[in-house]
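Shown below: query-v4.tsv, with TSV, C-alpha atoms.
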chain	number	residue	atom	x	y	z
N	84	MET	CA	15.66	-17.93	-20.08
N	85	GLN	CA	19.27	-19.02	-19.67
N	86	ALA	CA	20.21	-16.95	-22.73
N	87	PHE	CA	18.61	-13.88	-21.15
N	88	GLU	CA	20.40	-14.39	-17.86
N	89	ASP	CA	23.69	-14.90	-19.68
N	90	LEU	CA	23.18	-11.65	-21.54
N	91	VAL	CA	22.37	-9.82	-18.29
N	92	ASP	CA	25.63	-11.08	-16.80
N	93	ALA	CA	27.59	-10.25	-19.94
N	94	CYS	CA	26.20	-6.72	-20.34
N	95	GLN	CA	25.64	-5.56	-16.77
N	96	ARG	CA	29.01	-3.83	-16.56
N	97	GLN	CA	28.55	-2.02	-19.87
N	98	VAL	CA	25.06	-0.82	-18.98
N	99	PHE	CA	25.85	0.19	-15.41
N	100	THR	CA	29.14	1.88	-16.27
N	101	TYR	CA	27.53	3.92	-19.02
N	102	ALA	CA	24.58	4.90	-16.82
N	103	SER	CA	26.91	5.80	-13.95
N	104	TYR	CA	29.02	8.12	-16.10
N	105	LEU	CA	25.96	9.82	-17.53
N	106	LEU	CA	23.88	10.21	-14.39
N	107	SER	CA	24.85	12.05	-11.26
N	108	ARG	CA	23.30	9.80	-8.65
N	109	PRO	CA	24.13	6.11	-8.24
N	110	GLU	CA	20.53	5.27	-7.44
N	111	ASP	CA	19.54	6.75	-10.81
N	112	ALA	CA	22.15	4.58	-12.53
N	113	GLU	CA	20.77	1.53	-10.72
N	114	ASP	CA	17.18	2.40	-11.64
N	115	VAL	CA	18.10	2.88	-15.27
N	116	THR	CA	20.07	-0.36	-15.36
N	117	GLN	CA	17.18	-2.31	-13.91
N	118	GLU	CA	14.68	-0.65	-16.21
N	119	ALA	CA	16.85	-1.33	-19.26
N	120	PHE	CA	17.12	-5.04	-18.47
N	121	LEU	CA	13.40	-5.34	-17.79
N	122	LYS	CA	12.70	-3.67	-21.14
N	123	LEU	CA	15.07	-6.16	-22.72
N	124	TRP	CA	13.12	-9.00	-21.11
N	125	SER	CA	9.74	-7.63	-22.21
N	126	HIS	CA	11.01	-7.46	-25.83
N	127	TRP	CA	13.06	-10.66	-25.59
N	128	PRO	CA	11.02	-12.76	-28.08
N	129	GLU	CA	11.51	-10.25	-30.90
N	130	ILE	CA	15.08	-9.19	-30.07
N	131	ASP	CA	17.74	-10.02	-32.65
N	132	ARG	CA	20.27	-11.75	-30.39
N	133	GLU	CA	23.15	-10.59	-32.59
N	134	ARG	CA	22.22	-7.00	-31.88
N	135	ALA	CA	20.92	-7.36	-28.37
N	136	THR	CA	23.85	-5.47	-26.82
N	137	ALA	CA	23.41	-2.50	-29.15
N	138	TRP	CA	19.67	-2.55	-28.49
N	139	LEU	CA	20.25	-2.63	-24.75
N	140	MET	CA	22.77	0.20	-24.82
N	141	ARG	CA	20.43	2.30	-26.95
N	142	VAL	CA	17.62	1.76	-24.46
N	143	THR	CA	20.00	2.64	-21.62
N	144	ARG	CA	21.01	5.84	-23.39
N	145	ASN	CA	17.37	6.84	-23.91
N	146	LEU	CA	16.53	6.13	-20.29
N	147	CYS	CA	19.52	8.19	-19.16
N	148	PHE	CA	18.51	11.07	-21.41
N	149	ASP	CA	14.99	10.95	-20.00
N	150	ARG	CA	16.41	11.24	-16.49
N	151	LEU	CA	18.80	14.03	-17.46
N	152	ARG	CA	16.03	16.00	-19.12
N	153	HIS	CA	13.89	15.58	-16.05
N	154	VAL	CA	16.73	16.72	-13.77
N	155	LYS	CA	17.45	19.67	-16.02
N	156	VAL	CA	13.81	20.72	-16.11
N	157	VAL	CA	13.62	20.54	-12.34
N	158	ARG	CA	16.86	22.47	-11.91
N	159	GLU	CA	15.86	25.13	-14.38
N	160	HIS	CA	12.51	25.43	-12.73
N	161	VAL	CA	14.25	25.98	-9.41
N	162	SER	CA	17.18	28.15	-10.48
N	163	ASP	CA	15.88	29.68	-13.73
N	164	ARG	CA	19.42	30.02	-15.01
N	165	GLY	CA	18.47	29.57	-18.66
N	166	GLU	CA	21.10	27.04	-19.67
N	167	ASP	CA	21.44	25.71	-23.18
N	168	ALA	CA	18.42	23.47	-23.68
N	169	LEU	CA	20.39	21.08	-25.86
N	170	ALA	CA	23.18	20.52	-23.37
N	171	VAL	CA	21.23	17.98	-21.39
N	172	THR	CA	24.25	16.85	-19.44
N	173	ALA	CA	25.47	20.24	-18.35
N	174	ASP	CA	26.64	20.99	-14.82
N	175	LEU	CA	25.82	17.65	-13.27
N	176	GLU	CA	28.33	16.39	-10.78
N	177	PRO	CA	30.16	13.10	-11.33
N	178	SER	CA	28.48	10.28	-9.49
N	179	PRO	CA	29.84	9.28	-6.09
N	180	ALA	CA	30.16	5.72	-7.41
N	181	VAL	CA	32.54	7.01	-10.05
N	182	ARG	CA	34.22	9.41	-7.65
N	183	ALA	CA	34.80	6.74	-5.07
N	184	GLU	CA	37.42	5.17	-7.29
N	185	GLY	CA	39.05	8.43	-8.16
N	186	ALA	CA	42.24	10.25	-7.36
N	187	GLU	CA	42.92	13.87	-8.31
N	188	LEU	CA	43.49	13.26	-12.01
N	189	ARG	CA	40.56	10.93	-12.23
N	190	GLY	CA	38.22	13.37	-10.50
N	191	ARG	CA	39.21	16.19	-12.83
N	192	LEU	CA	38.80	14.00	-15.87
N	193	GLU	CA	35.35	13.00	-14.67
N	194	GLU	CA	34.37	16.61	-14.13
N	195	ALA	CA	35.57	17.53	-17.59
N	196	LEU	CA	33.74	14.54	-19.00
N	197	HIS	CA	30.55	15.59	-17.30
N	198	ASP	CA	30.82	19.04	-18.84
N	199	LEU	CA	30.68	17.63	-22.36
N	200	GLY	CA	27.32	17.81	-24.08
N	201	GLU	CA	25.66	14.92	-25.83
N	202	PRO	CA	26.34	12.91	-27.86
N	203	MET	CA	30.00	13.84	-27.34
N	204	ARG	CA	30.09	12.55	-23.81
N	205	SER	CA	28.48	9.25	-24.74
N	206	VAL	CA	30.99	8.77	-27.54
N	207	VAL	CA	33.97	9.49	-25.28
N	208	VAL	CA	32.66	7.26	-22.46
N	209	MET	CA	31.84	4.41	-24.80
N	210	ARG	CA	35.10	4.58	-26.70
N	211	GLU	CA	37.68	5.47	-24.08
N	212	VAL	CA	36.19	4.22	-20.82
N	213	GLN	CA	34.27	1.22	-22.12
N	214	GLY	CA	36.32	0.28	-25.15
N	215	PHE	CA	33.49	-0.02	-27.68
N	216	LYS	CA	34.49	-0.08	-31.32
N	217	TYR	CA	33.59	2.88	-33.57
N	218	ARG	CA	31.16	0.66	-35.47
N	219	GLU	CA	29.41	-0.37	-32.26
N	220	ILE	CA	29.13	3.22	-31.03
N	221	ALA	CA	27.74	4.27	-34.39
N	222	GLU	CA	25.07	1.57	-34.14
N	223	ILE	CA	24.17	2.35	-30.53
N	224	LEU	CA	24.01	6.12	-30.95
N	225	GLU	CA	22.65	5.89	-34.50
N	226	LEU	CA	25.36	8.16	-35.87
N	227	PRO	CA	27.49	7.88	-39.02
N	228	LEU	CA	30.87	6.26	-38.38
N	229	ASN	CA	32.80	9.37	-39.30
N	230	THR	CA	30.68	11.51	-37.00
N	231	VAL	CA	31.61	9.22	-34.12
N	232	ARG	CA	35.31	9.84	-34.86
N	233	VAL	CA	34.76	13.59	-35.04
N	234	TYR	CA	32.85	13.65	-31.74
N	235	LEU	CA	35.49	11.53	-30.06
N	236	HIS	CA	38.39	13.74	-31.06
N	237	ARG	CA	36.47	16.92	-30.43
N	238	GLY	CA	35.40	15.67	-27.02
N	239	ARG	CA	38.92	14.70	-26.01
N	240	ARG	CA	40.20	18.03	-27.27
N	241	ARG	CA	37.66	19.89	-25.16
N	242	ILE	CA	38.69	17.92	-22.10
N	243	ARG	CA	42.34	18.67	-22.90
N	244	GLU	CA	41.61	22.39	-23.23
N	245	ARG	CA	39.55	22.46	-20.08
N	246	LEU	CA	42.21	20.72	-18.05
N	247	ARG	CA	44.91	22.94	-19.52
N	248	ALA	CA	42.89	26.00	-18.49
N	249	VAL	CA	43.12	24.98	-14.84
N	250	ALA	CA	46.23	24.12	-12.87
N	251	PRO	CA	47.72	20.97	-14.38
N	252	GLN	CA	48.12	19.37	-10.97
N	253	GLY	CA	48.17	15.62	-11.31
N	254	LEU	CA	48.04	15.66	-15.07
N	255	GLU	CA	51.62	16.20	-15.99
N	256	ALA	CA	52.29	14.20	-19.07
L	207	MET	CA	51.30	23.21	-41.26
L	208	THR	CA	50.54	25.76	-38.54
L	209	CYS	CA	50.41	25.03	-34.83
L	210	ARG	CA	46.65	25.66	-34.93
L	211	GLU	CA	46.17	23.04	-37.63
L	212	ILE	CA	48.31	20.62	-35.66
L	213	ASP	CA	46.28	21.26	-32.54
L	214	ASP	CA	43.07	20.43	-34.42
L	215	ARG	CA	44.47	17.07	-35.48
L	216	ILE	CA	46.41	15.88	-32.46
L	217	GLU	CA	43.77	13.43	-31.21
L	218	ALA	CA	43.31	11.84	-34.63
L	219	TRP	CA	47.09	11.70	-35.04
L	220	LEU	CA	47.53	9.99	-31.67
L	221	ASP	CA	44.88	7.43	-32.65
L	222	GLY	CA	46.70	6.73	-35.92
L	223	GLU	CA	43.71	7.75	-37.98
L	224	LEU	CA	45.33	10.26	-40.34
L	225	PRO	CA	46.69	9.50	-43.81
L	226	VAL	CA	50.37	8.52	-43.73
L	227	GLY	CA	51.61	11.75	-45.36
L	228	GLU	CA	49.70	14.00	-42.99
L	229	ALA	CA	50.77	11.96	-39.98
L	230	ARG	CA	54.42	12.32	-40.99
L	231	ARG	CA	54.10	16.07	-41.37
L	232	ILE	CA	52.57	16.36	-37.91
L	233	GLU	CA	55.24	14.12	-36.44
L	234	ALA	CA	57.96	16.26	-37.96
L	235	HIS	CA	56.30	19.43	-36.68
L	236	VAL	CA	55.83	18.08	-33.17
L	237	GLU	CA	59.49	17.08	-33.02
L	238	SER	CA	60.57	20.63	-33.81
L	239	CYS	CA	57.89	22.64	-31.93
L	240	ALA	CA	57.89	22.70	-28.15
L	241	THR	CA	54.32	24.09	-27.95
L	242	CYS	CA	52.85	21.34	-30.10
L	243	ALA	CA	54.96	18.72	-28.36
L	244	ALA	CA	53.44	19.83	-25.04
L	245	ALA	CA	49.95	19.77	-26.56
L	246	ALA	CA	50.57	16.26	-27.83
L	247	ASP	CA	51.75	15.18	-24.39
L	248	TRP	CA	48.61	16.68	-22.86
L	249	ALA	CA	46.41	14.95	-25.38
L	250	ARG	CA	48.14	11.63	-24.73
L	251	ALA	CA	47.73	12.07	-20.96
L	252	VAL	CA	44.02	12.87	-21.35
L	253	ARG	CA	43.48	9.83	-23.57
L	254	ASP	CA	45.35	7.52	-21.22
L	255	GLY	CA	43.59	9.03	-18.23
L	256	LEU	CA	40.18	8.44	-19.77
L	257	ARG	CA	41.13	4.88	-20.61
L	258	GLY	CA	42.13	4.41	-16.99
L	259	LEU	CA	38.73	5.42	-15.62
L	260	PRO	CA	37.06	2.48	-13.91
L	261	ALA	CA	34.27	0.34	-15.32
L	262	LEU	CA	31.61	-0.37	-12.72
L	263	ASP	CA	29.69	-3.54	-11.92
L	264	ALA	CA	25.98	-3.35	-11.18
L	265	PRO	CA	25.03	-4.41	-7.65
L	266	PRO	CA	24.41	-8.19	-7.50
L	267	ALA	CA	21.06	-7.62	-5.76
L	268	LEU	CA	19.87	-5.60	-8.74
L	269	LEU	CA	20.80	-8.38	-11.17
L	270	ALA	CA	19.10	-10.96	-8.95
L	271	ARG	CA	15.93	-8.82	-8.98
L	272	VAL	CA	15.94	-8.59	-12.76
L	273	LYS	CA	16.40	-12.34	-13.15
L	274	ALA	CA	13.65	-13.07	-10.60
L	275	VAL	CA	11.20	-10.85	-12.48
L	276	ALA	CA	12.11	-12.60	-15.75
L	277	ARG	CA	11.64	-16.06	-14.21
L	278	GLU	CA	8.21	-15.11	-12.86
L	279	GLY	CA	7.25	-13.76	-16.27
L	280	GLU	CA	8.38	-16.93	-17.96
L	281	ALA	CA	6.38	-19.08	-15.53
L	282	ARG	CA	3.25	-17.03	-16.30
L	283	GLN	CA	3.92	-17.34	-20.03
L	284	GLY	CA	4.30	-21.11	-19.68
L	285	ASN	CA	0.91	-21.37	-17.99
L	286	ARG	CA	-0.73	-19.29	-20.72
L	287	ARG	CA	0.97	-21.41	-23.39
L	288	ARG	CA	-0.26	-24.64	-21.81
L	289	LEU	CA	-3.79	-23.24	-21.56
L	290	ALA	CA	-3.70	-22.16	-25.19
L	291	ALA	CA	-2.39	-25.56	-26.28
L	292	GLY	CA	-5.23	-27.25	-24.39
L	293	LEU	CA	-7.80	-25.00	-26.05
L	294	ILE	CA	-6.30	-25.71	-29.44
L	295	LEU	CA	-6.37	-29.45	-28.84
L	296	LEU	CA	-10.00	-29.17	-27.89
L	297	ALA	CA	-10.82	-27.01	-30.91
L	298	ALA	CA	-8.90	-29.31	-33.23
L	299	THR	CA	-10.75	-32.33	-31.90
L	300	LEU	CA	-14.04	-30.56	-32.50
L	301	VAL	CA	-12.97	-29.68	-36.04
L	302	VAL	CA	-12.09	-33.30	-36.77
L	303	ALA	CA	-15.38	-34.46	-35.29
L	304	ILE	CA	-17.34	-31.97	-37.40
L	305	VAL	CA	-15.50	-32.99	-40.58
L	306	LEU	CA	-16.05	-36.68	-39.92
L	307	THR	CA	-19.69	-36.15	-39.03
L	308	SER	CA	-20.32	-34.21	-42.20
L	309	ARG	CA	-18.66	-36.99	-44.22
L	310	LEU	CA	-19.95	-40.05	-42.41
L	311	GLY	CA	-23.35	-38.98	-41.24
L	312	PRO	CA	-24.70	-38.64	-37.73
L	313	PRO	CA	-23.13	-40.84	-35.04
L	314	GLY	CA	-25.04	-44.04	-34.39
L	315	SER	CA	-26.81	-44.05	-37.71
L	316	ALA	CA	-26.98	-47.54	-39.13
L	317	ARG	CA	-24.98	-47.81	-42.25
L	318	GLN	CA	-25.50	-50.43	-44.82
L	319	PRO	CA	-22.71	-51.63	-47.10
L	320	ALA	CA	-24.33	-49.62	-49.89
L	321	ASP	CA	-24.03	-46.47	-47.79
L	322	GLU	CA	-20.35	-47.13	-47.15
L	323	GLU	CA	-19.70	-47.48	-50.85
L	324	ARG	CA	-21.40	-44.17	-51.44
L	325	ILE	CA	-19.32	-42.56	-48.69
L	326	VAL	CA	-16.11	-43.98	-50.13
L	327	GLU	CA	-17.07	-42.56	-53.47
L	328	GLU	CA	-17.49	-39.08	-52.02
L	329	MET	CA	-14.64	-39.20	-49.63
L	330	ASP	CA	-11.48	-37.47	-50.73
L	331	VAL	CA	-8.95	-37.99	-47.95
L	332	GLU	CA	-6.56	-35.34	-49.12
L	333	ARG	CA	-9.28	-32.78	-49.39
L	334	ALA	CA	-10.51	-33.53	-45.90
L	335	GLU	CA	-7.03	-33.20	-44.51
L	336	ARG	CA	-6.62	-29.88	-46.31
L	337	GLU	CA	-9.83	-28.63	-44.79
L	338	VAL	CA	-8.65	-29.64	-41.37
L	339	ARG	CA	-5.37	-27.78	-41.89
L	340	VAL	CA	-7.28	-24.63	-42.87
L	341	ALA	CA	-9.51	-24.98	-39.85
L	342	LEU	CA	-6.47	-25.45	-37.62
L	343	ALA	CA	-4.85	-22.36	-39.10
L	344	LEU	CA	-7.95	-20.36	-38.26
L	345	VAL	CA	-7.86	-21.69	-34.74
L	346	GLY	CA	-4.21	-20.65	-34.58
L	347	ARG	CA	-5.06	-17.14	-35.64
L	348	TYR	CA	-7.56	-16.73	-32.84
L	349	ALA	CA	-5.15	-18.24	-30.35
L	350	ARG	CA	-2.45	-15.81	-31.43
L	351	ARG	CA	-4.75	-12.95	-30.70
L	352	ALA	CA	-4.86	-14.22	-27.17
L	353	GLY	CA	-1.14	-13.76	-27.02
L	354	ALA	CA	-0.08	-17.38	-27.34
L	355	ASP	CA	2.62	-18.37	-29.76
L	356	VAL	CA	0.69	-21.29	-31.12
L	357	GLN	CA	1.09	-20.93	-34.84
L	358	ARG	CA	4.46	-22.62	-34.56
L	359	GLU	CA	2.95	-25.51	-32.67
L	360	LEU	CA	0.20	-25.89	-35.25
L	361	SER	CA	2.42	-26.04	-38.32
L	362	GLY	CA	4.09	-29.35	-37.76
L	363	GLY	CA	3.70	-29.26	-33.98
L	364	PRO	CA	2.60	-32.15	-31.84
L	365	VAL	CA	-1.04	-31.05	-31.67
L	366	ALA	CA	-1.49	-30.86	-35.44
L	367	GLU	CA	0.39	-34.08	-35.99
L	368	ALA	CA	-1.67	-35.91	-33.41
L	369	THR	CA	-4.86	-34.57	-34.94
L	370	LEU	CA	-3.88	-35.54	-38.45
L	371	ARG	CA	-2.78	-38.97	-37.26
L	372	GLY	CA	-6.18	-39.39	-35.61
L	373	LEU	CA	-7.91	-38.32	-38.79
L	374	ALA	CA	-5.87	-40.69	-40.94
L	375	SER	CA	-6.60	-43.50	-38.52
L	376	ALA	CA	-10.33	-42.75	-38.61
L	377	LEU	CA	-10.34	-42.69	-42.37
L	378	ALA	CA	-8.20	-45.81	-42.85
L	379	PRO	CA	-11.15	-48.28	-42.86
L	380	LEU	CA	-12.83	-46.19	-45.53
L	381	ALA	CA	-9.68	-46.15	-47.63
L	382	ARG	CA	-9.37	-49.92	-47.25
L	383	ALA	CA	-12.99	-50.32	-48.28
L	384	GLU	CA	-12.30	-48.22	-51.33
L	385	GLU	CA	-9.31	-50.38	-52.26
L	386	GLY	CA	-11.42	-53.51	-51.69
L	387	SER	CA	-14.01	-52.22	-54.10
L	388	GLY	CA	-11.37	-51.84	-56.81
L	389	GLY	CA	-10.73	-48.14	-56.34
L	390	GLY	CA	-12.75	-47.17	-59.37
L	391	PRO	CA	-15.91	-45.17	-59.39
L	392	PRO	CA	-18.78	-47.29	-58.18
L	393	ALA	CA	-21.70	-47.93	-60.39
L	394	ALA	CA	-24.52	-45.50	-60.08
Please, can you express the file's structure as structure tokens?
Amino acid sequence: MQAFEDLVDACQRQVFTYASYLLSRPEDAEDVTQEAFLKLWSHWPEIDRERATAWLMRVTRNLCFDRLRHVKVVREHVSDRGEDALAVTADLEPSPAVRAEGAELRGRLEEALHDLGEPMRSVVVMREVQGFKYREIAEILELPLNTVRVYLHRGRRRIRERLRAVAPQGLEA
Amino acid sequence: MTCREIDDRIEAWLDGELPVGEARRIEAHVESCATCAAAADWARAVRDGLRGLPALDAPPALLARVKAVAREGEARQGNRRRLAAGLILLAATLVVAIVLTSRLGPPGSARQPADEERIVEEMDVERAEREVRVALALVGRYARRAGADVQRELSGGPVAEATLRGLASALAPLARAEEGSGGGPPAA
């Protein structure tokens, strides 16, 4: 029990940060975080403690994707705009929780981040915002190590191009 | 190297992930090309900006809820485990009683010294213990189906040990009787 609670304390920031950057509403991020930890608890006896963080992050990712798909289905049903079915993260606004911290540069980076499709956005968030190692990201997202590198650089390049396409206010190097 | 090729590799170059020769060529190009130098500055600013985005803590109330649910679940599991252990103890006691009854005859039956010698002759303590272990394993299997993690307790756990100690204690007089009779096969 103590080991579980210690893991909750150790991982809460990783889980909640990731969910917050993927989901548009803070209440969704909170729901996903709670659900992920409860899933962890229900599987606790068979969880390999060495890989518990990766397991937890993978569950969080799946829960986020479920929410995003649901949101997308609802939005498409309402607007019928016919967006790319694979781009499950498209056109969602950055969460207010994330925005609350932000200045101009930060807000534009978050918008650009939210425009990335998956798994590019997950890779960029995990690597640059959360500081996961390539190996850890590869394990969580179940991708080859080299693919993680490619997605990371491609994702950052897309953000760079997007920000260059608009006025570079606040992003002067 | 063209500016387009440089642009494709700027992020990897900034992260120091290119081979040394390629990195040097890009470095030399960036130093002499204003367009690529600007692109590199942009890429560096984006990377640093992303790394400056905040990590967020989950609300404490949420974490408290999760821990409370886990504690309740553990308390329920503990009750189930105790119930299962009690059932196993009962079943194990019954198994021991059945084994002893089959070996020693019905309780209360008057035994003469000649009967005891015959029992000692037939009694194989190790075999009886083995049978009890098998019976306990079967009990464990049924208990596991009920969701209790009892197999661990049975193999070397306190219940099995207590049962086997009880069995050994019950059989000790018979073993002593066997030793007293010389340990050899009794006469027919």
Which residues of range 184-215 of chain N come within 7 Å of range 258-272 of chain L, and what is each one's closest atom pair and distance in Å (one decimal), counting only C-alpha atoms, sorted by chain and residue number, as a Markdown table?
| residue | atom | partner | partner_atom | distance |
| --- | --- | --- | --- | --- |
| N:Arg189 | CA | L:Leu259 | CA | 6.7 |
| N:Val212 | CA | L:Leu259 | CA | 5.9 |
| N:Gln213 | CA | L:Ala261 | CA | 6.9 |
Take the residues that were just selected and, keeping C-alpha atoms, output them as a PDB file, in the frame of the given file.
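Everything below was put into result_34.pdb:
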ATOM      1  CA  ARG N 189      40.560  10.930 -12.230  1.00  0.00           C
ATOM      2  CA  VAL N 212      36.190   4.220 -20.820  1.00  0.00           C
ATOM      3  CA  GLN N 213      34.270   1.220 -22.120  1.00  0.00           C
TER       4      GLN N 213
END
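With all atoms listed in the file taken into account, the protein and nucleic acid residues at most 8 Å from Arg191 in chain N (excluding it and anything under 4 positions from it in its own chain) are Glu187, Ala195 and Leu246 of chain N.
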Restrict the selected residues to C-alpha atoms and save them as an mmCIF file, in the frame of the given file.
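What landed in result.cif:
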data_model
loop_
_atom_site.group_PDB
_atom_site.id
_atom_site.type_symbol
_atom_site.label_atom_id
_atom_site.label_comp_id
_atom_site.auth_asym_id
_atom_site.auth_seq_id
_atom_site.Cartn_x
_atom_site.Cartn_y
_atom_site.Cartn_z
ATOM 1 C CA GLU N 187 42.920 13.870 -8.310
ATOM 2 C CA ALA N 195 35.570 17.530 -17.590
ATOM 3 C CA LEU N 246 42.210 20.720 -18.050
#
From CA of Ile304 in chain L to CA of Arg288 in chain L the spacing works out at 24.3 Å
### Message
Taking all atoms listed in the file into account, find every residue of chain L that has an atom no more than 12 Å from chain N, and write it out as JSON, numbers by chain.
### Response
{"L": [212, 213, 214, 215, 216, 217, 218, 219, 220, 221, 222, 223, 224, 243, 244, 245, 246, 247, 248, 249, 250, 251, 252, 253, 254, 255, 256, 257, 258, 259, 260, 261, 262, 263, 264, 265, 266, 267, 268, 269, 270, 271, 272, 273, 274, 275, 276, 277, 278, 279, 280, 281, 283, 284, 355]}
Computed gap from CA of Ala298 in chain L to CA of Ala341 in chain L is 7.9 Å
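For the atom pair formed by CA of Pro128 in chain N and CA of Val345 in chain L, the distance is 21.9 Å, given to one decimal.
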